[in-house]
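Undergrad: Below is a structure I'd like to ask you about.
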Amino acid sequence: MAEYVINGRKINRYMLELGRQAREASRLLATADGAARNRALLDIADVLDAGRDTLMGENSKDLDAGRQKGLSAALLDRLELTAARVDGMVEGLSQIATLPDPVGEIFNMNYRPSGIQVGRMRVPLGVVGIIYESRPNVTIDAAALCLKSGNATVLRGGSESYFSNQAIAGIIQDGLQSAGFPASGVQVVATTDRAAVGHMITMPEYIDVIVPRGGKGLIERISSKSRVPVIKHLDGVCHVYVDDEADPEKAFNVCLNSKTHRYGVCNAMETLLVSNSVAGDFLPGMADAYRERGVELRGCAKTCEILDDDCLPANEEDWKTEYLAPVLSICVVNGLAQAIEHISQYGSGHTESIITENFSKARRFLREVDSSSVMVNASTRFADGFEYGLGAEIGISTDKFHARGPVGLEGLTSVKYIVLGDGTVRQ
(Lines give C-alpha, C1' and ligand atoms only; values in the text may rest on other atoms or scores of the structure.)
Protein backbone atom coordinates (compact mmCIF):
# COMPACT_ATOMS: atom_id res chain seq x y z
CA MET A 1 0.00 0.00 0.00
CA ALA A 2 1.28 3.47 -0.82
CA GLU A 3 2.28 5.62 2.12
CA TYR A 4 0.14 8.60 3.06
CA VAL A 5 0.80 11.23 5.68
CA ILE A 6 -1.68 12.95 7.97
CA ASN A 7 -0.81 15.29 10.82
CA GLY A 8 2.85 14.42 10.22
CA ARG A 9 2.24 10.66 10.57
CA LYS A 10 1.91 7.92 8.03
CA ILE A 11 -1.76 7.08 7.67
CA ASN A 12 -1.35 3.49 8.86
CA ARG A 13 0.24 4.73 12.08
CA TYR A 14 -2.45 7.39 12.43
CA MET A 15 -5.24 4.81 12.14
CA LEU A 16 -3.54 2.43 14.57
CA GLU A 17 -3.27 5.28 17.07
CA LEU A 18 -6.96 6.09 16.68
CA GLY A 19 -7.76 2.44 17.26
CA ARG A 20 -5.53 2.17 20.33
CA GLN A 21 -7.08 5.28 21.88
CA ALA A 22 -10.58 4.03 21.10
CA ARG A 23 -9.84 0.68 22.74
CA GLU A 24 -8.64 2.41 25.92
CA ALA A 25 -11.68 4.70 25.98
CA SER A 26 -14.04 1.77 25.42
CA ARG A 27 -13.03 0.21 28.73
CA LEU A 28 -13.94 3.40 30.59
CA LEU A 29 -17.24 3.82 28.77
CA ALA A 30 -18.23 0.19 29.33
CA THR A 31 -17.73 0.41 33.09
CA ALA A 32 -19.25 3.89 33.58
CA ASP A 33 -22.71 4.03 35.09
CA GLY A 34 -25.64 4.94 32.90
CA ALA A 35 -26.16 8.30 34.60
CA ALA A 36 -22.64 9.39 33.66
CA ARG A 37 -23.14 8.42 30.01
CA ASN A 38 -26.48 10.27 29.97
CA ARG A 39 -24.76 13.32 31.41
CA ALA A 40 -22.23 13.17 28.57
CA LEU A 41 -25.04 13.11 26.00
CA LEU A 42 -26.70 16.14 27.58
CA ASP A 43 -23.37 18.00 27.80
CA ILE A 44 -22.79 17.32 24.09
CA ALA A 45 -26.29 18.68 23.39
CA ASP A 46 -25.43 21.87 25.29
CA VAL A 47 -22.13 22.33 23.43
CA LEU A 48 -23.88 21.68 20.11
CA ASP A 49 -26.59 24.21 20.87
CA ALA A 50 -24.05 26.85 21.88
CA GLY A 51 -21.83 26.20 18.89
CA ARG A 52 -24.48 25.99 16.17
CA ASP A 53 -23.32 29.13 14.36
CA THR A 54 -19.78 27.80 14.05
CA LEU A 55 -21.08 24.43 12.91
CA MET A 56 -23.33 25.94 10.26
CA GLY A 57 -20.40 28.06 9.08
CA GLU A 58 -18.31 24.92 8.57
CA ASN A 59 -21.27 23.27 6.87
CA SER A 60 -21.43 26.17 4.40
CA LYS A 61 -17.85 25.29 3.34
CA ASP A 62 -19.01 21.78 2.48
CA LEU A 63 -22.00 23.14 0.59
CA ASP A 64 -19.83 25.54 -1.43
CA ALA A 65 -17.41 22.74 -2.28
CA GLY A 66 -20.34 20.49 -3.22
CA ARG A 67 -21.75 23.07 -5.61
CA GLN A 68 -18.35 23.47 -7.24
CA LYS A 69 -18.17 19.69 -7.70
CA GLY A 70 -21.62 19.71 -9.29
CA LEU A 71 -23.44 17.72 -6.61
CA SER A 72 -27.15 17.26 -7.34
CA ALA A 73 -29.81 19.22 -5.50
CA ALA A 74 -30.80 16.04 -3.64
CA LEU A 75 -27.24 15.43 -2.40
CA LEU A 76 -26.85 19.07 -1.38
CA ASP A 77 -30.09 18.81 0.57
CA ARG A 78 -28.78 15.74 2.42
CA LEU A 79 -25.60 17.63 3.18
CA GLU A 80 -27.11 20.86 4.44
CA LEU A 81 -27.47 21.60 8.16
CA THR A 82 -30.34 24.02 8.57
CA ALA A 83 -31.33 25.57 11.89
CA ALA A 84 -34.20 23.09 12.12
CA ARG A 85 -31.86 20.15 11.50
CA VAL A 86 -29.48 21.33 14.19
CA ASP A 87 -32.50 21.64 16.51
CA GLY A 88 -33.31 18.05 15.65
CA MET A 89 -29.77 16.93 16.46
CA VAL A 90 -29.94 18.63 19.85
CA GLU A 91 -33.34 17.10 20.57
CA GLY A 92 -32.14 13.69 19.41
CA LEU A 93 -29.30 13.71 21.95
CA SER A 94 -31.75 14.56 24.72
CA GLN A 95 -34.15 11.81 23.63
CA ILE A 96 -31.43 9.16 23.51
CA ALA A 97 -30.38 10.16 27.03
CA THR A 98 -33.90 9.32 28.26
CA LEU A 99 -33.95 5.81 26.76
CA PRO A 100 -33.53 2.79 29.06
CA ASP A 101 -29.90 1.86 29.59
CA PRO A 102 -29.20 -1.53 27.99
CA VAL A 103 -25.80 -2.02 29.64
CA GLY A 104 -25.67 -4.35 32.62
CA GLU A 105 -29.21 -5.68 32.18
CA ILE A 106 -29.46 -9.18 33.68
CA PHE A 107 -32.09 -11.54 32.34
CA ASN A 108 -33.10 -15.20 32.07
CA MET A 109 -31.76 -16.09 35.52
CA ASN A 110 -32.58 -19.71 36.37
CA TYR A 111 -31.58 -22.13 39.11
CA ARG A 112 -29.92 -25.31 37.95
CA PRO A 113 -30.16 -28.66 39.80
CA SER A 114 -26.53 -28.20 40.88
CA GLY A 115 -27.50 -25.12 42.91
CA ILE A 116 -25.99 -22.47 40.65
CA GLN A 117 -27.97 -19.65 39.05
CA VAL A 118 -27.30 -19.11 35.35
CA GLY A 119 -28.34 -16.04 33.39
CA ARG A 120 -27.11 -13.47 30.93
CA MET A 121 -25.90 -9.90 31.16
CA ARG A 122 -25.98 -7.33 28.37
CA VAL A 123 -22.59 -5.74 27.66
CA PRO A 124 -21.19 -3.25 25.09
CA LEU A 125 -19.58 -4.50 21.90
CA GLY A 126 -16.45 -2.43 22.57
CA VAL A 127 -15.31 -0.25 19.66
CA VAL A 128 -17.74 0.36 16.79
CA GLY A 129 -16.41 1.61 13.48
CA ILE A 130 -18.96 3.43 11.33
CA ILE A 131 -18.34 4.31 7.68
CA TYR A 132 -20.95 6.50 6.04
CA GLU A 133 -21.59 8.98 3.26
CA SER A 134 -22.78 12.55 3.02
CA ARG A 135 -25.25 13.32 5.83
CA PRO A 136 -23.36 15.01 8.70
CA ASN A 137 -26.18 14.47 11.21
CA VAL A 138 -25.26 10.76 11.09
CA THR A 139 -22.12 11.73 13.01
CA ILE A 140 -24.19 12.88 15.99
CA ASP A 141 -26.72 10.03 15.77
CA ALA A 142 -24.07 7.32 15.56
CA ALA A 143 -21.92 8.80 18.31
CA ALA A 144 -24.91 9.20 20.63
CA LEU A 145 -26.12 5.62 20.17
CA CYS A 146 -22.64 4.23 20.73
CA LEU A 147 -22.12 6.32 23.87
CA LYS A 148 -25.50 5.37 25.29
CA SER A 149 -24.69 1.68 24.80
CA GLY A 150 -21.25 2.03 26.40
CA ASN A 151 -19.20 1.75 23.20
CA ALA A 152 -16.36 3.86 21.89
CA THR A 153 -16.59 4.68 18.20
CA VAL A 154 -14.42 5.59 15.25
CA LEU A 155 -16.36 7.44 12.57
CA ARG A 156 -15.38 7.97 8.97
CA GLY A 157 -17.76 10.26 7.10
CA GLY A 158 -17.93 11.12 3.43
CA SER A 159 -15.58 13.63 1.85
CA GLU A 160 -18.53 15.90 1.00
CA SER A 161 -19.16 16.60 4.70
CA TYR A 162 -15.53 16.86 5.86
CA PHE A 163 -15.70 20.30 7.48
CA SER A 164 -19.08 19.62 9.08
CA ASN A 165 -17.90 16.32 10.53
CA GLN A 166 -14.71 17.77 11.95
CA ALA A 167 -16.72 20.53 13.63
CA ILE A 168 -19.16 17.98 15.06
CA ALA A 169 -16.22 15.88 16.28
CA GLY A 170 -14.90 18.85 18.23
CA ILE A 171 -18.34 19.45 19.75
CA ILE A 172 -18.70 15.81 20.81
CA GLN A 173 -15.22 15.68 22.31
CA ASP A 174 -15.79 18.91 24.26
CA GLY A 175 -19.00 17.42 25.67
CA LEU A 176 -17.27 14.17 26.58
CA GLN A 177 -14.51 15.95 28.44
CA SER A 178 -17.04 18.15 30.21
CA ALA A 179 -18.66 14.97 31.55
CA GLY A 180 -15.34 13.49 32.63
CA PHE A 181 -14.80 11.06 29.74
CA PRO A 182 -11.82 10.94 27.39
CA ALA A 183 -12.26 12.76 24.09
CA SER A 184 -11.08 9.59 22.36
CA GLY A 185 -14.41 7.94 23.18
CA VAL A 186 -15.63 9.34 19.85
CA GLN A 187 -13.12 9.96 17.08
CA VAL A 188 -13.78 11.18 13.55
CA VAL A 189 -11.13 10.23 11.01
CA ALA A 190 -9.43 13.47 9.95
CA THR A 191 -8.77 12.56 6.34
CA THR A 192 -10.92 11.95 3.28
CA ASP A 193 -8.39 9.54 1.79
CA ARG A 194 -9.95 6.13 1.14
CA ALA A 195 -6.78 4.48 2.41
CA ALA A 196 -8.02 5.23 5.93
CA VAL A 197 -11.04 2.98 5.34
CA GLY A 198 -8.75 0.20 4.15
CA HIS A 199 -6.85 0.33 7.42
CA MET A 200 -9.98 0.73 9.53
CA ILE A 201 -11.60 -2.47 8.30
CA THR A 202 -8.45 -4.52 8.89
CA MET A 203 -7.88 -3.64 12.56
CA PRO A 204 -9.71 -6.39 14.50
CA GLU A 205 -7.39 -5.87 17.45
CA TYR A 206 -8.88 -2.41 17.95
CA ILE A 207 -12.31 -2.38 16.26
CA ASP A 208 -14.94 -4.97 17.17
CA VAL A 209 -17.57 -4.32 14.51
CA ILE A 210 -17.97 -2.20 11.37
CA VAL A 211 -21.27 -0.60 10.37
CA PRO A 212 -21.28 0.75 6.77
CA ARG A 213 -24.06 3.20 5.96
CA GLY A 214 -24.36 4.24 2.35
CA GLY A 215 -24.77 2.98 -1.17
CA LYS A 216 -24.51 -0.60 -2.32
CA GLY A 217 -21.02 -0.08 -3.74
CA LEU A 218 -19.65 1.09 -0.40
CA ILE A 219 -21.27 -1.76 1.51
CA GLU A 220 -20.09 -4.40 -0.97
CA ARG A 221 -16.54 -3.10 -0.74
CA ILE A 222 -16.54 -3.10 3.06
CA SER A 223 -18.14 -6.54 3.30
CA SER A 224 -15.71 -8.17 0.87
CA LYS A 225 -12.51 -6.71 2.33
CA SER A 226 -13.20 -6.33 6.05
CA ARG A 227 -11.40 -8.48 8.61
CA VAL A 228 -13.77 -7.05 11.21
CA PRO A 229 -17.37 -8.36 11.56
CA VAL A 230 -19.83 -6.20 9.57
CA ILE A 231 -23.45 -5.28 10.41
CA LYS A 232 -25.11 -4.33 7.14
CA HIS A 233 -27.72 -4.76 4.46
CA LEU A 234 -26.98 -4.58 0.74
CA ASP A 235 -30.42 -4.16 -0.85
CA GLY A 236 -33.93 -3.27 0.15
CA VAL A 237 -36.03 -5.18 -2.36
CA CYS A 238 -39.23 -5.01 -0.30
CA HIS A 239 -42.54 -6.64 -1.25
CA VAL A 240 -46.21 -6.15 -0.45
CA TYR A 241 -48.53 -9.07 -1.23
CA VAL A 242 -52.24 -8.31 -1.70
CA ASP A 243 -54.11 -11.50 -0.85
CA ASP A 244 -57.46 -12.53 -2.31
CA GLU A 245 -58.93 -11.97 1.17
CA ALA A 246 -57.50 -8.47 1.55
CA ASP A 247 -59.63 -5.48 2.52
CA PRO A 248 -59.45 -3.34 -0.68
CA GLU A 249 -59.21 -0.02 1.17
CA LYS A 250 -56.44 -1.26 3.45
CA ALA A 251 -54.61 -2.72 0.48
CA PHE A 252 -54.86 0.52 -1.50
CA ASN A 253 -53.59 2.67 1.38
CA VAL A 254 -50.73 0.36 2.33
CA CYS A 255 -49.56 -0.13 -1.26
CA LEU A 256 -49.65 3.59 -1.97
CA ASN A 257 -47.80 4.52 1.20
CA SER A 258 -45.24 1.74 0.88
CA LYS A 259 -44.14 3.05 -2.51
CA THR A 260 -44.79 6.79 -2.59
CA HIS A 261 -44.18 7.99 1.00
CA ARG A 262 -40.48 8.28 0.08
CA TYR A 263 -38.71 6.75 -2.90
CA GLY A 264 -35.00 6.78 -2.07
CA VAL A 265 -35.17 4.72 1.13
CA CYS A 266 -34.37 1.07 1.78
CA ASN A 267 -37.82 0.25 3.22
CA ALA A 268 -39.84 1.47 0.22
CA MET A 269 -41.79 -1.22 -1.64
CA GLU A 270 -40.09 -2.19 -4.92
CA THR A 271 -42.34 -5.11 -5.98
CA LEU A 272 -46.11 -5.41 -5.59
CA LEU A 273 -47.52 -8.96 -5.63
CA VAL A 274 -51.26 -9.37 -6.22
CA SER A 275 -53.37 -12.51 -6.05
CA ASN A 276 -54.73 -13.47 -9.46
CA SER A 277 -58.36 -13.61 -8.30
CA VAL A 278 -58.42 -9.90 -7.27
CA ALA A 279 -55.86 -8.41 -9.68
CA GLY A 280 -58.44 -7.39 -12.31
CA ASP A 281 -60.43 -5.38 -9.77
CA PHE A 282 -57.54 -4.04 -7.70
CA LEU A 283 -54.80 -3.07 -10.13
CA PRO A 284 -56.53 -0.46 -12.37
CA GLY A 285 -57.38 1.87 -9.46
CA MET A 286 -53.98 1.30 -7.91
CA ALA A 287 -52.29 2.10 -11.22
CA ASP A 288 -54.27 5.35 -11.52
CA ALA A 289 -53.00 6.46 -8.11
CA TYR A 290 -49.42 5.61 -9.01
CA ARG A 291 -49.69 7.38 -12.36
CA GLU A 292 -50.93 10.56 -10.63
CA ARG A 293 -47.71 10.50 -8.60
CA GLY A 294 -45.46 9.84 -11.57
CA VAL A 295 -44.60 6.22 -10.75
CA GLU A 296 -43.48 4.11 -13.70
CA LEU A 297 -44.98 0.59 -13.64
CA ARG A 298 -43.29 -2.53 -14.94
CA GLY A 299 -45.33 -5.72 -14.84
CA CYS A 300 -45.58 -9.39 -15.66
CA ALA A 301 -47.60 -10.48 -18.71
CA LYS A 302 -50.83 -10.69 -16.70
CA THR A 303 -50.29 -7.23 -15.20
CA CYS A 304 -49.66 -5.74 -18.64
CA GLU A 305 -52.81 -7.43 -19.93
CA ILE A 306 -54.87 -5.84 -17.13
CA LEU A 307 -53.28 -2.37 -17.31
CA ASP A 308 -52.60 -2.26 -21.05
CA ASP A 309 -50.75 0.97 -21.92
CA ASP A 310 -50.24 1.94 -18.26
CA CYS A 311 -47.53 -0.69 -17.73
CA LEU A 312 -44.22 -1.64 -19.33
CA PRO A 313 -43.17 -5.31 -19.55
CA ALA A 314 -40.94 -6.33 -16.65
CA ASN A 315 -37.80 -8.39 -17.23
CA GLU A 316 -35.97 -10.78 -14.91
CA GLU A 317 -33.75 -8.00 -13.60
CA ASP A 318 -36.74 -5.92 -12.46
CA TRP A 319 -37.77 -8.50 -9.86
CA LYS A 320 -34.45 -8.18 -8.04
CA THR A 321 -33.87 -4.44 -8.45
CA GLU A 322 -33.95 -1.87 -5.66
CA TYR A 323 -35.07 1.13 -7.70
CA LEU A 324 -34.89 3.82 -4.99
CA ALA A 325 -36.97 5.82 -7.47
CA PRO A 326 -40.59 6.23 -8.67
CA VAL A 327 -40.50 2.86 -10.43
CA LEU A 328 -42.48 -0.20 -9.31
CA SER A 329 -42.56 -3.79 -10.54
CA ILE A 330 -45.86 -5.70 -10.30
CA CYS A 331 -46.40 -9.44 -10.48
CA VAL A 332 -49.72 -11.30 -10.42
CA VAL A 333 -49.36 -14.58 -8.50
CA ASN A 334 -51.57 -17.63 -7.98
CA GLY A 335 -52.03 -17.11 -4.26
CA LEU A 336 -50.03 -17.08 -1.04
CA ALA A 337 -47.69 -19.99 -1.81
CA GLN A 338 -46.48 -18.42 -5.06
CA ALA A 339 -46.11 -15.02 -3.36
CA ILE A 340 -43.86 -16.56 -0.71
CA GLU A 341 -41.91 -18.39 -3.42
CA HIS A 342 -41.40 -15.13 -5.35
CA ILE A 343 -40.16 -13.35 -2.23
CA SER A 344 -37.82 -16.22 -1.44
CA GLN A 345 -36.35 -16.12 -4.93
CA TYR A 346 -36.02 -12.37 -5.45
CA GLY A 347 -36.19 -10.69 -2.04
CA SER A 348 -33.21 -9.22 -0.20
CA GLY A 349 -34.36 -10.23 3.29
CA HIS A 350 -35.28 -6.68 4.28
CA THR A 351 -39.05 -6.13 4.70
CA GLU A 352 -42.20 -7.81 3.37
CA SER A 353 -45.89 -7.23 4.10
CA ILE A 354 -49.11 -9.19 3.48
CA ILE A 355 -52.52 -7.55 3.21
CA THR A 356 -55.19 -10.04 4.26
CA GLU A 357 -58.11 -10.52 6.61
CA ASN A 358 -57.38 -14.24 6.91
CA PHE A 359 -55.61 -14.92 10.20
CA SER A 360 -54.25 -18.31 9.11
CA LYS A 361 -52.70 -16.85 5.97
CA ALA A 362 -51.19 -14.00 7.96
CA ARG A 363 -49.63 -16.47 10.40
CA ARG A 364 -48.24 -18.55 7.55
CA PHE A 365 -46.72 -15.45 5.92
CA LEU A 366 -45.11 -14.43 9.23
CA ARG A 367 -43.72 -17.93 9.75
CA GLU A 368 -42.45 -18.72 6.25
CA VAL A 369 -41.15 -15.40 4.93
CA ASP A 370 -37.48 -15.18 5.94
CA SER A 371 -36.83 -11.43 6.15
CA SER A 372 -35.64 -9.14 8.92
CA SER A 373 -39.08 -7.49 9.17
CA VAL A 374 -42.34 -9.24 8.23
CA MET A 375 -45.64 -7.36 8.50
CA VAL A 376 -49.39 -7.87 8.32
CA ASN A 377 -51.64 -5.08 7.01
CA ALA A 378 -48.93 -2.43 7.48
CA SER A 379 -46.72 -0.30 5.24
CA THR A 380 -43.12 -1.42 4.70
CA ARG A 381 -42.14 2.16 5.57
CA PHE A 382 -42.51 1.25 9.26
CA ALA A 383 -39.27 -0.79 9.10
CA ASP A 384 -37.35 1.83 11.03
CA GLY A 385 -35.76 1.99 14.46
CA PHE A 386 -37.71 5.03 15.62
CA GLU A 387 -41.02 3.53 14.47
CA TYR A 388 -40.18 0.27 16.27
CA GLY A 389 -39.70 2.12 19.54
CA LEU A 390 -35.92 1.73 19.55
CA GLY A 391 -35.45 5.50 19.87
CA ALA A 392 -33.10 5.57 16.90
CA GLU A 393 -31.10 3.15 14.80
CA ILE A 394 -27.51 2.75 13.69
CA GLY A 395 -28.70 1.01 10.53
CA ILE A 396 -30.65 -2.02 9.35
CA SER A 397 -29.19 -5.51 9.23
CA THR A 398 -30.34 -8.33 6.96
CA ASP A 399 -27.71 -10.66 8.40
CA LYS A 400 -28.84 -13.50 10.64
CA PHE A 401 -26.16 -13.34 13.32
CA HIS A 402 -26.16 -10.99 16.30
CA ALA A 403 -28.45 -8.22 15.06
CA ARG A 404 -31.26 -8.39 12.50
CA GLY A 405 -33.62 -5.65 11.35
CA PRO A 406 -33.28 -2.09 12.68
CA VAL A 407 -30.21 -1.97 14.93
CA GLY A 408 -30.76 0.20 17.99
CA LEU A 409 -29.16 0.26 21.41
CA GLU A 410 -29.72 -3.43 22.06
CA GLY A 411 -28.09 -4.28 18.73
CA LEU A 412 -24.98 -2.40 19.85
CA THR A 413 -24.58 -4.75 22.79
CA SER A 414 -23.72 -8.40 23.19
CA VAL A 415 -24.42 -10.76 26.07
CA LYS A 416 -22.29 -12.84 28.39
CA TYR A 417 -23.35 -15.66 30.67
CA ILE A 418 -23.19 -15.01 34.37
CA VAL A 419 -23.20 -17.74 37.03
CA LEU A 420 -24.00 -17.23 40.73
CA GLY A 421 -23.08 -19.79 43.33
CA ASP A 422 -22.48 -20.06 47.07
CA GLY A 423 -19.26 -21.98 47.24
CA THR A 424 -20.91 -24.43 44.88
CA VAL A 425 -18.71 -27.15 43.35
CA ARG A 426 -19.42 -29.55 40.53
CA GLN A 427 -20.08 -33.12 41.64
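Please note that chains go A, B, ... in the order of the C-alpha coordinates, that every chain numbers its residues from 1, and that ligands are numbered from 1 in the order shown.
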Taking 4 positions as the minimum chain separation for residues in the same chain, which residues sit within 7 Å of range 252-260 of chain A when counting only C-alpha atoms? Answer as a VMD selection string.

TA: chain A and resid 240 248 268 to 269 286 378 to 381

Undergrad: Determine which residues of range 134-362 of chain A DSSP labels as strand (DSSP E or B) from the backbone of this structure, then write them out as an MDAnalysis selection string.

TA: chainID A and resid 152:156 186:188 209:213 230 238:242 269:275 296:299 312:313 327:333 351:355

Undergrad: Compare A:Glu393, A:Glu305, A:Asp310, A:Glu17 by their minimum atom-to-atom distance to Ser184 in chain A, counting only C-alpha atoms, and give me the closest one.

TA: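 That would be A:Glu17, the residue with the smallest distance to Ser184 in chain A.
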
Undergrad: DSSP on the backbone, then: every residue of range 94-127 of chain A marked alpha helix (DSSP H), written as a PyMOL selection string.

TA: chain A and resi 94-98

Undergrad: Quick one: pull the distance between CA of Phe107 in chain A and CA of Leu420 in chain A, Å, one decimal.

TA: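 Spanning CA of Phe107 in chain A to CA of Leu420 in chain A is a straight-line distance of 13.0 Å.
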
Undergrad: Excluding Val419 in chain A and residues on its chain fewer than 3 positions from it, collect all residues at most 7 Å away from it, counting only C-alpha atoms, and give them as JSON, numbers by chain.

TA: {"A": [116, 117, 118, 119]}

Undergrad: How would the residues just picked look written out with N, CA and C atoms as a PDB file, in the first residue's frame?

TA:
```
ATOM      1  N   ILE A 116     -26.415 -23.756  41.206  1.00  0.00           N
ATOM      2  CA  ILE A 116     -25.990 -22.470  40.648  1.00  0.00           C
ATOM      3  C   ILE A 116     -27.173 -21.772  39.977  1.00  0.00           C
ATOM      4  N   GLN A 117     -27.053 -20.443  39.857  1.00  0.00           N
ATOM      5  CA  GLN A 117     -27.974 -19.655  39.052  1.00  0.00           C
ATOM      6  C   GLN A 117     -27.242 -19.264  37.768  1.00  0.00           C
ATOM      7  N   VAL A 118     -27.897 -19.445  36.644  1.00  0.00           N
ATOM      8  CA  VAL A 118     -27.298 -19.110  35.350  1.00  0.00           C
ATOM      9  C   VAL A 118     -28.196 -18.100  34.637  1.00  0.00           C
ATOM     10  N   GLY A 119     -27.593 -17.039  34.152  1.00  0.00           N
ATOM     11  CA  GLY A 119     -28.340 -16.043  33.394  1.00  0.00           C
ATOM     12  C   GLY A 119     -27.421 -15.327  32.429  1.00  0.00           C
TER      13      GLY A 119
END
```

Undergrad: Please report the interatomic distance between CA of Gly385 in chain A and CA of Lys232 in chain A in Å with one decimal.

TA: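 Between CA of Gly385 in chain A and CA of Lys232 in chain A the gap works out to 14.4 Å.
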
Undergrad: What's the separation between CA of Ser26 in chain A and CA of Pro182 in chain A, in Å to one decimal place?

TA: 9.6 Å
